[in-house]
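Coordinates as given in run.pdb (PDB, C-alpha atoms):
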ATOM      1  CA  MET G  12     -15.588  25.266  43.979  1.00  0.00           C
ATOM      2  CA  PHE G  13     -14.341  25.583  40.385  1.00  0.00           C
ATOM      3  CA  LYS G  14     -16.508  28.662  39.697  1.00  0.00           C
ATOM      4  CA  LYS G  15     -15.198  30.321  42.839  1.00  0.00           C
ATOM      5  CA  PHE G  16     -11.591  29.630  41.794  1.00  0.00           C
ATOM      6  CA  VAL G  17     -12.193  31.065  38.318  1.00  0.00           C
ATOM      7  CA  GLY G  18     -13.895  34.113  39.848  1.00  0.00           C
ATOM      8  CA  VAL G  19     -10.983  34.771  42.199  1.00  0.00           C
ATOM      9  CA  LEU G  20      -8.499  34.274  39.366  1.00  0.00           C
ATOM     10  CA  PHE G  21     -10.438  36.691  37.151  1.00  0.00           C
ATOM     11  CA  THR G  22     -10.591  39.252  39.979  1.00  0.00           C
ATOM     12  CA  PHE G  23      -6.821  39.109  40.460  1.00  0.00           C
ATOM     13  CA  ALA G  24      -6.276  39.422  36.712  1.00  0.00           C
ATOM     14  CA  VAL G  25      -8.458  42.542  36.524  1.00  0.00           C
ATOM     15  CA  LEU G  26      -6.740  44.070  39.551  1.00  0.00           C
ATOM     16  CA  ALA G  27      -3.305  43.352  38.067  1.00  0.00           C
ATOM     17  CA  LEU G  28      -4.387  44.976  34.805  1.00  0.00           C
ATOM     18  CA  LEU G  29      -5.597  48.065  36.653  1.00  0.00           C
ATOM     19  CA  VAL G  30      -2.331  48.314  38.582  1.00  0.00           C
ATOM     20  CA  PHE G  31      -0.260  48.111  35.396  1.00  0.00           C
ATOM     21  CA  VAL G  32      -2.450  50.728  33.704  1.00  0.00           C
ATOM     22  CA  LEU G  33      -2.181  53.080  36.675  1.00  0.00           C
ATOM     23  CA  LEU G  34       1.585  52.642  36.848  1.00  0.00           C
ATOM     24  CA  GLY G  35       1.910  53.413  33.145  1.00  0.00           C
ATOM     25  CA  ILE G  36      -0.090  56.650  33.168  1.00  0.00           C
ATOM     26  CA  GLY G  37       1.891  59.470  31.584  1.00  0.00           C
ATOM     27  CA  SER G  38       4.574  57.273  30.067  1.00  0.00           C
ATOM     28  CA  TYR G  39       3.064  56.986  26.580  1.00  0.00           C
ATOM     29  CA  SER G  40       5.327  57.900  23.700  1.00  0.00           C
ATOM     30  CA  SER G  41       4.428  57.402  20.083  1.00  0.00           C
ATOM     31  CA  LEU G  42       6.705  55.432  17.804  1.00  0.00           C
ATOM     32  CA  LEU G  43       5.848  57.787  14.948  1.00  0.00           C
ATOM     33  CA  PRO G  44       7.860  60.973  14.400  1.00  0.00           C
ATOM     34  CA  GLU G  45       6.211  64.157  15.680  1.00  0.00           C
ATOM     35  CA  ASP G  46       6.342  65.969  12.335  1.00  0.00           C
ATOM     36  CA  LEU G  47       4.740  63.130  10.389  1.00  0.00           C
ATOM     37  CA  PHE G  48       1.242  64.621  10.423  1.00  0.00           C
ATOM     38  CA  SER G  49       1.956  68.331  10.854  1.00  0.00           C
ATOM     39  CA  ALA G  50       2.845  68.933   7.178  1.00  0.00           C
ATOM     40  CA  GLY G  51      -0.318  67.187   6.012  1.00  0.00           C
ATOM     41  CA  GLN G  52      -2.517  69.182   8.348  1.00  0.00           C
ATOM     42  CA  ALA G  53      -1.037  72.493   7.207  1.00  0.00           C
ATOM     43  CA  ALA G  54      -1.621  71.633   3.548  1.00  0.00           C
ATOM     44  CA  SER G  55      -5.212  70.555   4.140  1.00  0.00           C
ATOM     45  CA  ILE G  56      -5.982  73.715   6.146  1.00  0.00           C
ATOM     46  CA  GLU G  57      -4.619  75.887   3.320  1.00  0.00           C
ATOM     47  CA  GLN G  58      -6.801  74.018   0.820  1.00  0.00           C
ATOM     48  CA  VAL G  59      -9.899  74.514   2.946  1.00  0.00           C
ATOM     49  CA  GLU G  60      -9.190  78.216   3.375  1.00  0.00           C
ATOM     50  CA  SER G  61      -8.753  78.687  -0.359  1.00  0.00           C
ATOM     51  CA  VAL G  62     -12.052  76.902  -1.034  1.00  0.00           C
ATOM     52  CA  VAL G  63     -13.895  79.053   1.501  1.00  0.00           C
ATOM     53  CA  GLU G  64     -12.679  82.304  -0.058  1.00  0.00           C
TER      54      GLU G  64
END
Turn the structure described in the file into structure tokens.
Amino acid sequence: MFKKFVGVLFTFAVLALLVFVLLGIGSYSSLLPEDLFSAGQAASIEQVESVVE
């Protein structure tokens, strides 16, 4: 009886998690500014290009 109760509880928890994940699809927004990494990437690309030449 106890194992069945825990199994049902676990099933509902997994289903609730799936529902919350599906409802949240597409609503992600980063807390970091968008230009935080773009300057670093441009500098590293220029360094690689100068090394290759």
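Between CA of Val25 (chain G) and CA of Leu42 (chain G) the separation is 27.3 Å.
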Q.
Just to confirm, what's the straight-line distance from CA of Ser49 (chain G) to CA of Ile36 (chain G) in Å (one decimal)?
A. 25.3 Å
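Going from CA of Lys14 (chain G) to CA of Leu28 (chain G) covers 20.9 Å.
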